[in-house]
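Student: Provided herewith: my_file_23.cif, mmCIF, C-alpha atoms.
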```cif
data_target
loop_
_atom_site.group_PDB
_atom_site.id
_atom_site.type_symbol
_atom_site.label_atom_id
_atom_site.label_comp_id
_atom_site.auth_asym_id
_atom_site.auth_seq_id
_atom_site.Cartn_x
_atom_site.Cartn_y
_atom_site.Cartn_z
ATOM 1 C CA MET D 1 -69.035 132.350 12.448
ATOM 2 C CA SER D 2 -71.017 129.104 12.243
ATOM 3 C CA THR D 3 -69.954 126.010 14.139
ATOM 4 C CA LYS D 4 -69.686 122.788 12.146
ATOM 5 C CA PHE D 5 -70.349 119.603 14.086
ATOM 6 C CA GLU D 6 -69.559 116.133 12.767
ATOM 7 C CA LYS D 7 -72.197 113.570 13.744
ATOM 8 C CA THR D 8 -71.151 110.553 15.765
ATOM 9 C CA PRO D 9 -70.219 107.765 13.307
ATOM 10 C CA GLY D 10 -73.181 105.474 12.675
ATOM 11 C CA TRP D 11 -75.673 108.030 14.010
ATOM 12 C CA LEU D 12 -79.249 107.289 12.905
ATOM 13 C CA ASP D 13 -81.118 110.429 11.821
ATOM 14 C CA TRP D 14 -84.792 110.791 12.661
ATOM 15 C CA PHE D 15 -87.363 109.380 10.255
ATOM 16 C CA GLN D 16 -88.289 111.749 7.441
ATOM 17 C CA GLY D 17 -91.883 111.785 6.218
ATOM 18 C CA PRO D 18 -93.641 109.776 8.947
ATOM 19 C CA SER D 19 -96.949 108.155 8.065
ATOM 20 C CA LYS D 20 -100.250 109.156 9.639
ATOM 21 C CA PRO D 21 -101.119 107.177 12.784
ATOM 22 C CA LYS D 22 -104.175 104.939 12.713
ATOM 23 C CA TYR D 23 -104.866 105.993 16.310
ATOM 24 C CA THR D 24 -106.236 109.500 16.843
ATOM 25 C CA PRO D 25 -105.178 111.049 20.171
ATOM 26 C CA PRO D 26 -107.850 112.835 22.232
ATOM 27 C CA PRO D 27 -108.131 116.622 21.866
ATOM 28 C CA GLY D 28 -105.409 118.426 23.782
ATOM 29 C CA ALA D 29 -103.010 115.459 23.831
ATOM 30 C CA VAL D 30 -99.467 116.121 25.053
ATOM 31 C CA ASP D 31 -96.244 114.585 23.753
ATOM 32 C CA ALA D 32 -94.597 114.679 27.183
ATOM 33 C CA HIS D 33 -91.097 113.530 26.231
ATOM 34 C CA CYS D 34 -89.251 114.936 23.226
ATOM 35 C CA HIS D 35 -86.082 116.875 22.486
ATOM 36 C CA VAL D 36 -84.534 119.503 20.268
ATOM 37 C CA PHE D 37 -80.954 119.222 18.983
ATOM 38 C CA GLY D 38 -79.429 122.568 18.074
ATOM 39 C CA PRO D 39 -79.392 123.402 15.236
ATOM 40 C CA GLY D 40 -75.704 123.214 16.075
ATOM 41 C CA ASP D 41 -74.700 126.418 14.276
ATOM 42 C CA GLU D 42 -77.245 128.367 16.373
ATOM 43 C CA PHE D 43 -77.122 126.424 19.647
ATOM 44 C CA PRO D 44 -73.753 124.650 19.868
ATOM 45 C CA PHE D 45 -73.519 121.212 21.434
ATOM 46 C CA ALA D 46 -71.764 120.911 24.785
ATOM 47 C CA PRO D 47 -68.007 120.268 24.817
ATOM 48 C CA GLU D 48 -68.467 117.479 27.395
ATOM 49 C CA ARG D 49 -71.118 115.628 25.352
ATOM 50 C CA LYS D 50 -70.866 111.848 24.871
ATOM 51 C CA TYR D 51 -72.413 111.995 21.383
ATOM 52 C CA THR D 52 -72.920 114.477 18.536
ATOM 53 C CA PRO D 53 -76.406 114.245 16.997
ATOM 54 C CA CYS D 54 -78.001 115.432 13.804
ATOM 55 C CA ASP D 55 -79.866 118.734 13.952
ATOM 56 C CA ALA D 56 -83.510 118.518 15.028
ATOM 57 C CA SER D 57 -85.105 121.941 15.264
ATOM 58 C CA LYS D 58 -88.109 123.309 17.109
ATOM 59 C CA ASP D 59 -89.928 123.898 13.817
ATOM 60 C CA GLN D 60 -89.454 120.265 12.828
ATOM 61 C CA LEU D 61 -90.664 119.148 16.267
ATOM 62 C CA PHE D 62 -93.800 121.273 16.098
ATOM 63 C CA ALA D 63 -94.535 120.060 12.560
ATOM 64 C CA LEU D 64 -94.335 116.464 13.804
ATOM 65 C CA ARG D 65 -96.622 117.300 16.737
ATOM 66 C CA ASP D 66 -99.297 118.597 14.379
ATOM 67 C CA HIS D 67 -98.865 115.691 11.947
ATOM 68 C CA LEU D 68 -99.335 113.094 14.697
ATOM 69 C CA GLY D 69 -102.450 114.806 16.090
ATOM 70 C CA PHE D 70 -101.000 116.230 19.299
ATOM 71 C CA THR D 71 -101.476 119.710 20.757
ATOM 72 C CA ARG D 72 -98.589 120.277 23.175
ATOM 73 C CA ASN D 73 -95.011 119.254 23.893
ATOM 74 C CA VAL D 74 -92.873 118.783 26.973
ATOM 75 C CA ILE D 75 -89.309 119.262 25.759
ATOM 76 C CA VAL D 76 -86.612 117.537 27.784
ATOM 77 C CA GLN D 77 -83.069 118.856 27.739
ATOM 78 C CA ALA D 78 -80.878 116.483 25.740
ATOM 79 C CA THR D 79 -77.534 115.416 27.208
ATOM 80 C CA CYS D 80 -75.732 116.612 24.066
ATOM 81 C CA HIS D 81 -76.474 120.189 25.209
ATOM 82 C CA GLY D 82 -75.265 119.636 28.783
ATOM 83 C CA ALA D 83 -76.539 122.339 31.129
ATOM 84 C CA ASP D 84 -76.799 124.952 28.355
ATOM 85 C CA ASN D 85 -80.577 125.190 28.102
ATOM 86 C CA ARG D 86 -80.754 127.880 25.408
ATOM 87 C CA ALA D 87 -82.115 125.623 22.649
ATOM 88 C CA LEU D 88 -84.789 124.329 25.031
ATOM 89 C CA VAL D 89 -85.790 127.816 26.204
ATOM 90 C CA ASP D 90 -85.886 129.086 22.611
ATOM 91 C CA ALA D 91 -88.199 126.244 21.574
ATOM 92 C CA ILE D 92 -90.600 126.940 24.453
ATOM 93 C CA ALA D 93 -90.573 130.668 23.619
ATOM 94 C CA HIS D 94 -91.653 129.934 20.044
ATOM 95 C CA SER D 95 -94.379 127.417 20.953
ATOM 96 C CA GLY D 96 -97.223 129.862 21.529
ATOM 97 C CA GLY D 97 -97.702 128.512 25.042
ATOM 98 C CA MET D 98 -97.942 124.945 23.760
ATOM 99 C CA ALA D 99 -94.650 123.710 25.253
ATOM 100 C CA LYS D 100 -93.032 123.411 28.673
ATOM 101 C CA GLY D 101 -89.568 122.166 29.490
ATOM 102 C CA VAL D 102 -87.375 120.008 31.685
ATOM 103 C CA ALA D 103 -83.883 121.488 32.061
ATOM 104 C CA SER D 104 -80.470 120.261 33.127
ATOM 105 C CA VAL D 105 -78.710 122.379 35.740
ATOM 106 C CA LYS D 106 -75.408 122.218 37.566
ATOM 107 C CA PRO D 107 -75.070 122.391 41.338
ATOM 108 C CA ASP D 108 -73.740 125.951 41.108
ATOM 109 C CA VAL D 109 -76.851 127.227 39.293
ATOM 110 C CA THR D 110 -77.910 130.559 40.773
ATOM 111 C CA ASP D 111 -81.332 131.430 42.137
ATOM 112 C CA GLU D 112 -81.595 134.043 39.397
ATOM 113 C CA GLU D 113 -80.955 131.407 36.739
ATOM 114 C CA LEU D 114 -83.586 129.117 38.253
ATOM 115 C CA GLN D 115 -86.107 131.963 38.338
ATOM 116 C CA ALA D 116 -85.344 132.798 34.696
ATOM 117 C CA LEU D 117 -85.869 129.161 33.666
ATOM 118 C CA ASN D 118 -89.118 129.089 35.624
ATOM 119 C CA ALA D 119 -90.342 132.239 33.861
ATOM 120 C CA ALA D 120 -89.360 130.645 30.537
ATOM 121 C CA GLY D 121 -91.630 127.636 31.123
ATOM 122 C CA VAL D 122 -89.292 125.088 32.677
ATOM 123 C CA ARG D 123 -91.069 122.866 35.203
ATOM 124 C CA GLY D 124 -88.462 120.303 36.151
ATOM 125 C CA VAL D 125 -84.842 119.177 36.084
ATOM 126 C CA ARG D 126 -83.442 115.934 34.753
ATOM 127 C CA PHE D 127 -80.951 113.726 36.559
ATOM 128 C CA ASN D 128 -79.342 111.181 34.242
ATOM 129 C CA PHE D 129 -77.871 108.026 35.790
ATOM 130 C CA VAL D 130 -77.188 106.140 32.542
ATOM 131 C CA LYS D 131 -73.434 105.683 32.744
ATOM 132 C CA ARG D 132 -72.850 105.435 28.990
ATOM 133 C CA LEU D 133 -74.453 108.864 28.484
ATOM 134 C CA VAL D 134 -73.083 110.912 31.387
ATOM 135 C CA ASP D 135 -70.374 110.783 33.996
ATOM 136 C CA ALA D 136 -71.485 109.478 37.392
ATOM 137 C CA LEU D 137 -73.309 112.078 39.465
ATOM 138 C CA PRO D 138 -72.541 112.515 43.172
ATOM 139 C CA ARG D 139 -75.766 112.380 45.143
ATOM 140 C CA GLU D 140 -75.296 115.175 47.666
ATOM 141 C CA PRO D 141 -75.256 117.983 45.062
ATOM 142 C CA LEU D 142 -78.322 116.437 43.402
ATOM 143 C CA MET D 143 -80.196 116.491 46.704
ATOM 144 C CA LYS D 144 -79.270 120.158 47.132
ATOM 145 C CA ILE D 145 -80.644 120.929 43.667
ATOM 146 C CA ALA D 146 -83.827 119.026 44.580
ATOM 147 C CA GLU D 147 -84.285 121.087 47.742
ATOM 148 C CA ARG D 148 -83.795 124.321 45.784
ATOM 149 C CA ILE D 149 -86.303 123.529 43.038
ATOM 150 C CA LYS D 150 -89.004 122.263 45.384
ATOM 151 C CA PRO D 151 -90.272 125.792 46.266
ATOM 152 C CA LEU D 152 -90.709 126.471 42.542
ATOM 153 C CA GLY D 153 -93.122 123.531 42.303
ATOM 154 C CA TRP D 154 -90.797 121.756 39.895
ATOM 155 C CA HIS D 155 -90.309 118.015 39.668
ATOM 156 C CA ILE D 156 -87.318 115.805 38.981
ATOM 157 C CA VAL D 157 -87.026 113.517 35.965
ATOM 158 C CA ILE D 158 -84.730 110.519 36.504
ATOM 159 C CA TYR D 159 -83.213 108.365 33.782
ATOM 160 C CA PHE D 160 -81.661 105.050 34.720
ATOM 161 C CA GLU D 161 -81.531 101.422 33.607
ATOM 162 C CA ALA D 162 -83.256 98.562 35.450
ATOM 163 C CA GLN D 163 -80.097 96.900 36.691
ATOM 164 C CA GLU D 164 -79.069 100.148 38.416
ATOM 165 C CA LEU D 165 -82.242 100.494 40.496
ATOM 166 C CA PRO D 166 -81.221 98.395 43.533
ATOM 167 C CA GLU D 167 -78.284 100.672 44.355
ATOM 168 C CA LEU D 168 -80.253 103.863 43.600
ATOM 169 C CA TYR D 169 -83.581 102.883 45.212
ATOM 170 C CA ASP D 170 -83.064 104.521 48.617
ATOM 171 C CA PHE D 171 -81.699 107.719 47.104
ATOM 172 C CA PHE D 172 -84.624 107.994 44.710
ATOM 173 C CA ALA D 173 -87.138 107.344 47.502
ATOM 174 C CA SER D 174 -85.597 110.200 49.520
ATOM 175 C CA LEU D 175 -86.123 112.846 46.825
ATOM 176 C CA PRO D 176 -88.439 115.592 48.147
ATOM 177 C CA THR D 177 -90.362 116.502 44.982
ATOM 178 C CA THR D 178 -92.577 114.792 42.465
ATOM 179 C CA VAL D 179 -90.299 112.403 40.555
ATOM 180 C CA VAL D 180 -90.930 111.245 36.977
ATOM 181 C CA VAL D 181 -89.144 108.103 35.783
ATOM 182 C CA ASP D 182 -88.137 108.008 32.132
ATOM 183 C CA HIS D 183 -89.244 104.969 30.118
ATOM 184 C CA MET D 184 -90.313 102.777 33.091
ATOM 185 C CA GLY D 185 -86.709 102.608 34.279
ATOM 186 C CA ARG D 186 -85.706 100.804 31.062
ATOM 187 C CA PRO D 187 -86.868 97.274 31.914
ATOM 188 C CA ASP D 188 -85.292 94.244 30.271
ATOM 189 C CA VAL D 189 -88.347 93.027 28.347
ATOM 190 C CA THR D 190 -86.832 89.571 27.856
ATOM 191 C CA LYS D 191 -87.439 89.041 31.580
ATOM 192 C CA PRO D 192 -90.909 88.315 33.027
ATOM 193 C CA VAL D 193 -93.248 91.255 33.541
ATOM 194 C CA ASP D 194 -94.032 89.725 36.954
ATOM 195 C CA GLY D 195 -90.374 88.960 37.700
ATOM 196 C CA PRO D 196 -88.279 90.482 40.511
ATOM 197 C CA GLU D 197 -86.509 93.128 38.414
ATOM 198 C CA PHE D 198 -89.655 94.868 37.159
ATOM 199 C CA GLU D 199 -91.378 94.220 40.491
ATOM 200 C CA LEU D 200 -88.766 96.414 42.189
ATOM 201 C CA PHE D 201 -89.727 99.291 39.888
ATOM 202 C CA LEU D 202 -93.438 98.715 40.581
ATOM 203 C CA ARG D 203 -92.655 98.690 44.298
ATOM 204 C CA LEU D 204 -90.909 102.055 43.928
ATOM 205 C CA MET D 205 -94.099 103.413 42.348
ATOM 206 C CA ARG D 206 -96.384 101.823 44.952
ATOM 207 C CA GLU D 207 -94.437 102.908 48.008
ATOM 208 C CA ASN D 208 -93.777 106.466 46.813
ATOM 209 C CA GLU D 209 -96.917 108.234 45.651
ATOM 210 C CA ASN D 210 -94.820 111.178 44.447
ATOM 211 C CA PHE D 211 -93.438 108.929 41.688
ATOM 212 C CA TRP D 212 -94.736 109.018 38.121
ATOM 213 C CA SER D 213 -93.576 107.060 35.076
ATOM 214 C CA LYS D 214 -93.308 107.688 31.360
ATOM 215 C CA VAL D 215 -94.529 104.631 29.450
ATOM 216 C CA SER D 216 -92.514 105.624 26.419
ATOM 217 C CA CYS D 217 -89.741 104.366 24.147
ATOM 218 C CA PRO D 218 -90.822 100.905 23.001
ATOM 219 C CA GLU D 219 -88.333 101.391 20.163
ATOM 220 C CA ARG D 220 -85.531 101.466 22.765
ATOM 221 C CA LEU D 221 -86.742 98.593 24.897
ATOM 222 C CA SER D 222 -88.038 96.118 22.323
ATOM 223 C CA VAL D 223 -86.133 93.024 21.253
ATOM 224 C CA GLU D 224 -88.921 92.005 18.874
ATOM 225 C CA GLY D 225 -88.753 95.349 17.082
ATOM 226 C CA PRO D 226 -91.104 97.394 14.881
ATOM 227 C CA PRO D 227 -93.760 98.158 14.039
ATOM 228 C CA HIS D 228 -95.781 96.716 16.949
ATOM 229 C CA TYR D 229 -93.170 96.380 19.722
ATOM 230 C CA SER D 230 -95.438 93.762 21.271
ATOM 231 C CA ASP D 231 -92.865 92.600 23.830
ATOM 232 C CA VAL D 232 -92.928 96.039 25.512
ATOM 233 C CA VAL D 233 -96.732 96.321 25.669
ATOM 234 C CA PRO D 234 -97.295 94.129 28.798
ATOM 235 C CA PHE D 235 -94.821 96.228 30.813
ATOM 236 C CA ALA D 236 -96.316 99.582 29.810
ATOM 237 C CA ARG D 237 -99.877 98.353 30.180
ATOM 238 C CA ARG D 238 -99.135 97.076 33.683
ATOM 239 C CA VAL D 239 -97.910 100.528 34.719
ATOM 240 C CA VAL D 240 -100.816 102.382 33.062
ATOM 241 C CA GLU D 241 -103.454 100.149 34.637
ATOM 242 C CA GLU D 242 -101.943 100.166 38.133
ATOM 243 C CA PHE D 243 -101.016 103.872 38.228
ATOM 244 C CA PRO D 244 -103.455 105.557 35.804
ATOM 245 C CA ASP D 245 -103.090 108.997 37.415
ATOM 246 C CA ARG D 246 -99.273 108.974 37.421
ATOM 247 C CA VAL D 247 -98.303 108.069 33.864
ATOM 248 C CA LEU D 248 -97.131 110.137 30.899
ATOM 249 C CA TRP D 249 -96.359 109.315 27.277
ATOM 250 C CA GLY D 250 -93.977 110.804 24.728
ATOM 251 C CA THR D 251 -92.425 110.131 21.339
ATOM 252 C CA ASP D 252 -88.797 110.698 22.439
ATOM 253 C CA TRP D 253 -88.322 112.396 19.059
ATOM 254 C CA PRO D 254 -85.703 112.679 17.527
ATOM 255 C CA HIS D 255 -84.723 109.406 19.229
ATOM 256 C CA PRO D 256 -81.124 110.040 20.320
ATOM 257 C CA ASN D 257 -78.592 107.221 20.243
ATOM 258 C CA LEU D 258 -80.787 104.547 18.714
ATOM 259 C CA LYS D 259 -78.673 101.748 17.340
ATOM 260 C CA SER D 260 -81.044 99.152 15.838
ATOM 261 C CA HIS D 261 -83.519 101.144 13.743
ATOM 262 C CA MET D 262 -85.213 104.521 13.464
ATOM 263 C CA PRO D 263 -88.982 104.343 13.969
ATOM 264 C CA ASP D 264 -91.689 105.959 11.921
ATOM 265 C CA ASP D 265 -93.237 108.035 14.740
ATOM 266 C CA ALA D 266 -96.723 106.908 13.691
ATOM 267 C CA TRP D 267 -95.791 103.384 14.874
ATOM 268 C CA LEU D 268 -95.194 104.747 18.375
ATOM 269 C CA VAL D 269 -98.547 106.545 18.454
ATOM 270 C CA ASP D 270 -100.274 103.345 17.337
ATOM 271 C CA VAL D 271 -98.905 101.504 20.393
ATOM 272 C CA ILE D 272 -100.916 103.809 22.698
ATOM 273 C CA PRO D 273 -104.297 101.984 22.545
ATOM 274 C CA HIS D 274 -102.495 98.714 23.341
ATOM 275 C CA ILE D 275 -100.959 100.078 26.549
ATOM 276 C CA ALA D 276 -103.966 102.249 27.510
ATOM 277 C CA PRO D 277 -106.874 100.184 26.210
ATOM 278 C CA THR D 278 -109.798 102.418 27.232
ATOM 279 C CA GLU D 279 -110.687 105.971 26.292
ATOM 280 C CA GLU D 280 -110.577 106.937 29.969
ATOM 281 C CA LEU D 281 -107.030 105.620 30.372
ATOM 282 C CA GLN D 282 -105.949 107.295 27.131
ATOM 283 C CA LYS D 283 -107.305 110.659 28.257
ATOM 284 C CA LYS D 284 -105.522 110.406 31.602
ATOM 285 C CA LEU D 285 -102.258 109.367 29.953
ATOM 286 C CA LEU D 286 -102.246 111.953 27.177
ATOM 287 C CA VAL D 287 -104.238 114.912 28.533
ATOM 288 C CA ASP D 288 -105.195 114.953 32.212
ATOM 289 C CA ASN D 289 -101.901 113.852 33.754
ATOM 290 C CA PRO D 290 -99.498 116.007 31.703
ATOM 291 C CA MET D 291 -101.779 119.017 32.060
ATOM 292 C CA ARG D 292 -101.866 118.571 35.851
ATOM 293 C CA LEU D 293 -98.079 118.387 35.999
ATOM 294 C CA TYR D 294 -97.072 121.018 33.422
ATOM 295 C CA TRP D 295 -100.038 123.373 32.969
ATOM 296 C CA PRO D 296 -101.745 123.278 36.400
ATOM 297 C CA GLU D 297 -102.903 126.850 35.945
ATOM 298 C CA GLU D 298 -105.177 125.694 33.099
ATOM 299 C CA LYS D 299 -106.849 122.886 35.018
#
```
Spell out the structure here as structure tokens.
Tutor:
Amino acid sequence: MSTKFEKTPGWLDWFQGPSKPKYTPPPGAVDAHCHVFGPGDEFPFAPERKYTPCDASKDQLFALRDHLGFTRNVIVQATCHGADNRALVDAIAHSGGMAKGVASVKPDVTDEELQALNAAGVRGVRFNFVKRLVDALPREPLMKIAERIKPLGWHIVIYFEAQELPELYDFFASLPTTVVVDHMGRPDVTKPVDGPEFELFLRLMRENENFWSKVSCPERLSVEGPPHYSDVVPFARRVVEEFPDRVLWGTDWPHPNLKSHMPDDAWLVDVIPHIAPTEELQKKLLVDNPMRLYWPEEK
């Protein structure tokens, strides 16, 4: 029996028929932040979800990857699937070795389940601190999860908003693994790039060499809007130039919970040379860094 899900009212579906980017990524480039949604009749959405998305399948993701000129994907578990990682694992299994994953797990996850996810190609877990997307997470169970995944060589992905960093700073700095921050900690781009709020994020990166950042999602952060997202560029470029060996980039396809507009994914690719202005920086951002983190056996 198929399960019929009704999309959240006002939900923006991903952009059909994206154009071809003007920028050509280097060979072997990795889209290091993207998702799959369902399809809901095959991989039902979690009962505790805060939103119900459109379907966005692995086949559609891989077609977009090829269209944009990328080679690999890192698929991040979407909150609409909770800690049921079956859609993620299925996508990795059908990628021909060209995808790895970041899962969501609960504190009671068993060692056997962690080992199975590891064998399936999962290389990290995601902790979401964005209050409008998930219920608040107690920190002690998260630290226990961190201690358990460390022997696997996994890392932690953290998602939070800039105004939440002061209260979370010490907890983040205590995490024992490599830590990857989603979308530069969602800076408020109407504030100065050299102002105190973004400086606190840069300090987190400087003082903790186990911290990496994704310089992704201009479509989420921009006030100016498409197609150039120029108000986000100084923030991302600052991170890329100061931490060239600890940055990643991704499309965030299929762009969950966007409210203002749905981007043509080619626009996002065309931002890359503005935030990583040299070929050397582009290769680190798109090839060397994600390969080191997700496919170390191939380096």
Student: Residues picked by the PyMOL selection byres ((chain D and resi 187) around 9) here, as a short mmCIF file (atom, residue, chain, number, x, y, z; two decimals) with C-alpha atoms, in the coordinates of the input?
Tutor:
```cif
data_model
loop_
_atom_site.label_atom_id
_atom_site.label_comp_id
_atom_site.auth_asym_id
_atom_site.auth_seq_id
_atom_site.Cartn_x
_atom_site.Cartn_y
_atom_site.Cartn_z
CA GLU D 161 -81.53 101.42 33.61
CA ALA D 162 -83.26 98.56 35.45
CA GLN D 163 -80.10 96.90 36.69
CA HIS D 183 -89.24 104.97 30.12
CA MET D 184 -90.31 102.78 33.09
CA GLY D 185 -86.71 102.61 34.28
CA ARG D 186 -85.71 100.80 31.06
CA ASP D 188 -85.29 94.24 30.27
CA VAL D 189 -88.35 93.03 28.35
CA THR D 190 -86.83 89.57 27.86
CA LYS D 191 -87.44 89.04 31.58
CA VAL D 193 -93.25 91.26 33.54
CA GLU D 197 -86.51 93.13 38.41
CA PHE D 198 -89.66 94.87 37.16
CA PHE D 201 -89.73 99.29 39.89
CA LEU D 221 -86.74 98.59 24.90
CA VAL D 232 -92.93 96.04 25.51
CA PHE D 235 -94.82 96.23 30.81
#
```
Student: Please identify all polymer residues within 8 Å of region 104-108 of chain D, counting all atoms listed in the file, omitting same-chain residues fewer than 3 positions from it, and present them as a PyMOL selection string.
Tutor: chain D and resi 77+82-85+125-127+141-142+144-145
Student: Since we have the selection now, will you write its residues out, keeping C-alpha atoms, as an mmCIF file, in the frame of the given file?
Tutor:
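The resulting file, part_0.cif, is shown below:
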```cif
data_model
loop_
_atom_site.group_PDB
_atom_site.id
_atom_site.type_symbol
_atom_site.label_atom_id
_atom_site.label_comp_id
_atom_site.auth_asym_id
_atom_site.auth_seq_id
_atom_site.Cartn_x
_atom_site.Cartn_y
_atom_site.Cartn_z
ATOM 1 C CA GLN D 77 -83.069 118.856 27.739
ATOM 2 C CA GLY D 82 -75.265 119.636 28.783
ATOM 3 C CA ALA D 83 -76.539 122.339 31.129
ATOM 4 C CA ASP D 84 -76.799 124.952 28.355
ATOM 5 C CA ASN D 85 -80.577 125.190 28.102
ATOM 6 C CA VAL D 125 -84.842 119.177 36.084
ATOM 7 C CA ARG D 126 -83.442 115.934 34.753
ATOM 8 C CA PHE D 127 -80.951 113.726 36.559
ATOM 9 C CA PRO D 141 -75.256 117.983 45.062
ATOM 10 C CA LEU D 142 -78.322 116.437 43.402
ATOM 11 C CA LYS D 144 -79.270 120.158 47.132
ATOM 12 C CA ILE D 145 -80.644 120.929 43.667
#
```
Student: The PyMOL selection byres ((chain D and resi 147) around 12) on the file shown: which residues, as a PyMOL selection string?
Tutor: chain D and resi 107+125+140-146+148-156+174-178
Student: Enumerate, as a VMD selection string, the residues matched when the PyMOL selection byres ((chain D and resi 102) around 8) is run on the file above.
Tutor: chain D and resid 74 to 77 100 to 101 103 to 104 122 to 126 157
Student: For Asp31 (chain D), list every protein, DNA or RNA residue within 9 Å, evaluated using all atoms listed in the file, and leave out those in the same chain fewer than 6 positions away; present the list as a CSV table (one decimal) with C-alpha atoms, keeping the file's coordinate frame.
Tutor:
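Printed below is out.csv as written:
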```csv
chain,number,residue,atom,x,y,z
D,65,ARG,CA,-96.6,117.3,16.7
D,70,PHE,CA,-101.0,116.2,19.3
D,71,THR,CA,-101.5,119.7,20.8
D,72,ARG,CA,-98.6,120.3,23.2
D,73,ASN,CA,-95.0,119.3,23.9
D,74,VAL,CA,-92.9,118.8,27.0
D,75,ILE,CA,-89.3,119.3,25.8
D,248,LEU,CA,-97.1,110.1,30.9
D,249,TRP,CA,-96.4,109.3,27.3
D,250,GLY,CA,-94.0,110.8,24.7
D,251,THR,CA,-92.4,110.1,21.3
D,252,ASP,CA,-88.8,110.7,22.4
D,286,LEU,CA,-102.2,112.0,27.2
D,290,PRO,CA,-99.5,116.0,31.7
```
Student: For Glu209 (chain D), which residue out of D:Ser230, D:Val179, D:Pro192, D:Arg237 is the nearest one, using only C-alpha atoms?
Tutor: D:Val179
Student: What gap, in Å, lies between CA of Asn210 (chain D) and CA of Ala173 (chain D)?
Tutor: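 Distance between the two atoms: 9.1 Å.
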Student: For a quick check of understanding, using all atoms listed in the file, which of D:Leu285, D:Leu204, D:Pro9, D:Phe43 has the smallest distance to Lys259 (chain D)?
Tutor: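 Ranking D:Leu285, D:Leu204, D:Pro9, D:Phe43 by distance to Lys259 (chain D), first place goes to D:Pro9.
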Student: To one decimal place, how far is CA of Trp212 (chain D) from CA of Glu242 (chain D) in Å?
Tutor: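 Taking CA of Trp212 (chain D) as the start and CA of Glu242 (chain D) as the end point, the length is 11.4 Å.
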Student: Hey, which of D:Val89, D:Ala56, D:Met98, D:Val240 ends up closest to Leu117 (chain D)? Count all atoms listed in the file.
Tutor: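 Of D:Val89, D:Ala56, D:Met98, D:Val240, the one nearest Leu117 (chain D), counting all atoms listed in the file, is D:Val89.
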Student: Can you tell me, as AutoDock Vina command-line options, the centre and edge lengths (Å, one decimal) of the axis-aligned box enclosing all of region 11-17 of chain D's listed atoms after padding each side by 4 Å?
Tutor:
```
--center_x -83.8 --center_y 109.5 --center_z 10.1 --size_x 24.2 --size_y 12.5 --size_z 15.8
```
Student: Between CA of Tyr169 (chain D) and CA of Leu200 (chain D), what distance in Å does the model show, to one decimal?
Tutor: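 Value for the CA of Tyr169 (chain D)-CA of Leu200 (chain D) distance: 8.8 Å.
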Student: For Met205 (chain D), which residue among D:Asp265, D:Glu167, D:Val247, D:Pro226 is the nearest when counting all atoms listed in the file?
Tutor: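 Closest residue, counting all atoms listed in the file: D:Val247.
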Student: Name the residues in contact with Arg246 (chain D) at a cut-off of 8 Å, using all atoms listed in the file, excluding same-chain residues fewer than 3 positions from it; report them as a list in words.
Tutor: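 After dropping sequence-adjacent residues, the list is Phe211, Trp212, Ser213, Phe243 and Asn289 of chain D.
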Student: Go ahead and write the residues just picked, C-alpha atoms, as a short mmCIF file (atom, residue, chain, number, x, y, z; two decimals), keeping the file's coordinate frame.
Tutor:
```
data_model
loop_
_atom_site.label_atom_id
_atom_site.label_comp_id
_atom_site.auth_asym_id
_atom_site.auth_seq_id
_atom_site.Cartn_x
_atom_site.Cartn_y
_atom_site.Cartn_z
CA PHE D 211 -93.44 108.93 41.69
CA TRP D 212 -94.74 109.02 38.12
CA SER D 213 -93.58 107.06 35.08
CA PHE D 243 -101.02 103.87 38.23
CA ASN D 289 -101.90 113.85 33.75
#
```
Student: Any idea what's packed within 10 Å of Pro277 (chain D), counting only C-alpha atoms, ignoring anything in its chain fewer than 4 positions away? Could you give it as an NGL selection string?
Tutor: :D and (237 or 240-241 or 271-273 or 281-282)
Student: Would you write out those residues with C-alpha atoms, as an mmCIF file, keeping the file's coordinate frame?
Tutor:
```cif
data_model
loop_
_atom_site.group_PDB
_atom_site.id
_atom_site.type_symbol
_atom_site.label_atom_id
_atom_site.label_comp_id
_atom_site.auth_asym_id
_atom_site.auth_seq_id
_atom_site.Cartn_x
_atom_site.Cartn_y
_atom_site.Cartn_z
ATOM 1 C CA ARG D 237 -99.877 98.353 30.180
ATOM 2 C CA VAL D 240 -100.816 102.382 33.062
ATOM 3 C CA GLU D 241 -103.454 100.149 34.637
ATOM 4 C CA VAL D 271 -98.905 101.504 20.393
ATOM 5 C CA ILE D 272 -100.916 103.809 22.698
ATOM 6 C CA PRO D 273 -104.297 101.984 22.545
ATOM 7 C CA LEU D 281 -107.030 105.620 30.372
ATOM 8 C CA GLN D 282 -105.949 107.295 27.131
#
```
Student: Using all atoms listed in the file, which residue out of D:Pro196, D:Pro256, D:Pro21, D:Pro263 lies closest to Gly225 (chain D)?
Tutor: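 Ranked by minimum distance to Gly225 (chain D), first place goes to D:Pro263.
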Student: Taking only C-alpha atoms into account, which of D:Lys284, D:Ala99, D:Leu293, D:Val215 comes nearest Pro234 (chain D)?
Tutor: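 Nearest to Pro234 (chain D): D:Val215.
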Student: List the neighbours of Tyr229 (chain D) out to 10 Å using all atoms listed in the file; skip same-chain residues closer than 5 positions along the sequence, and give me the result as a ChimeraX atom specification.
Tutor: /D:217-224,267-268,271
Student: Put those residues in a file: C-alpha atoms, as a compact mmCIF listing (two decimals), keeping the file's coordinate frame.
Tutor:
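Okay, this is what ended up in selection.txt:
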```
# COMPACT_ATOMS: atom_id res chain seq x y z
CA CYS D 217 -89.74 104.37 24.15
CA PRO D 218 -90.82 100.90 23.00
CA GLU D 219 -88.33 101.39 20.16
CA ARG D 220 -85.53 101.47 22.76
CA LEU D 221 -86.74 98.59 24.90
CA SER D 222 -88.04 96.12 22.32
CA VAL D 223 -86.13 93.02 21.25
CA GLU D 224 -88.92 92.00 18.87
CA TRP D 267 -95.79 103.38 14.87
CA LEU D 268 -95.19 104.75 18.38
CA VAL D 271 -98.90 101.50 20.39
```
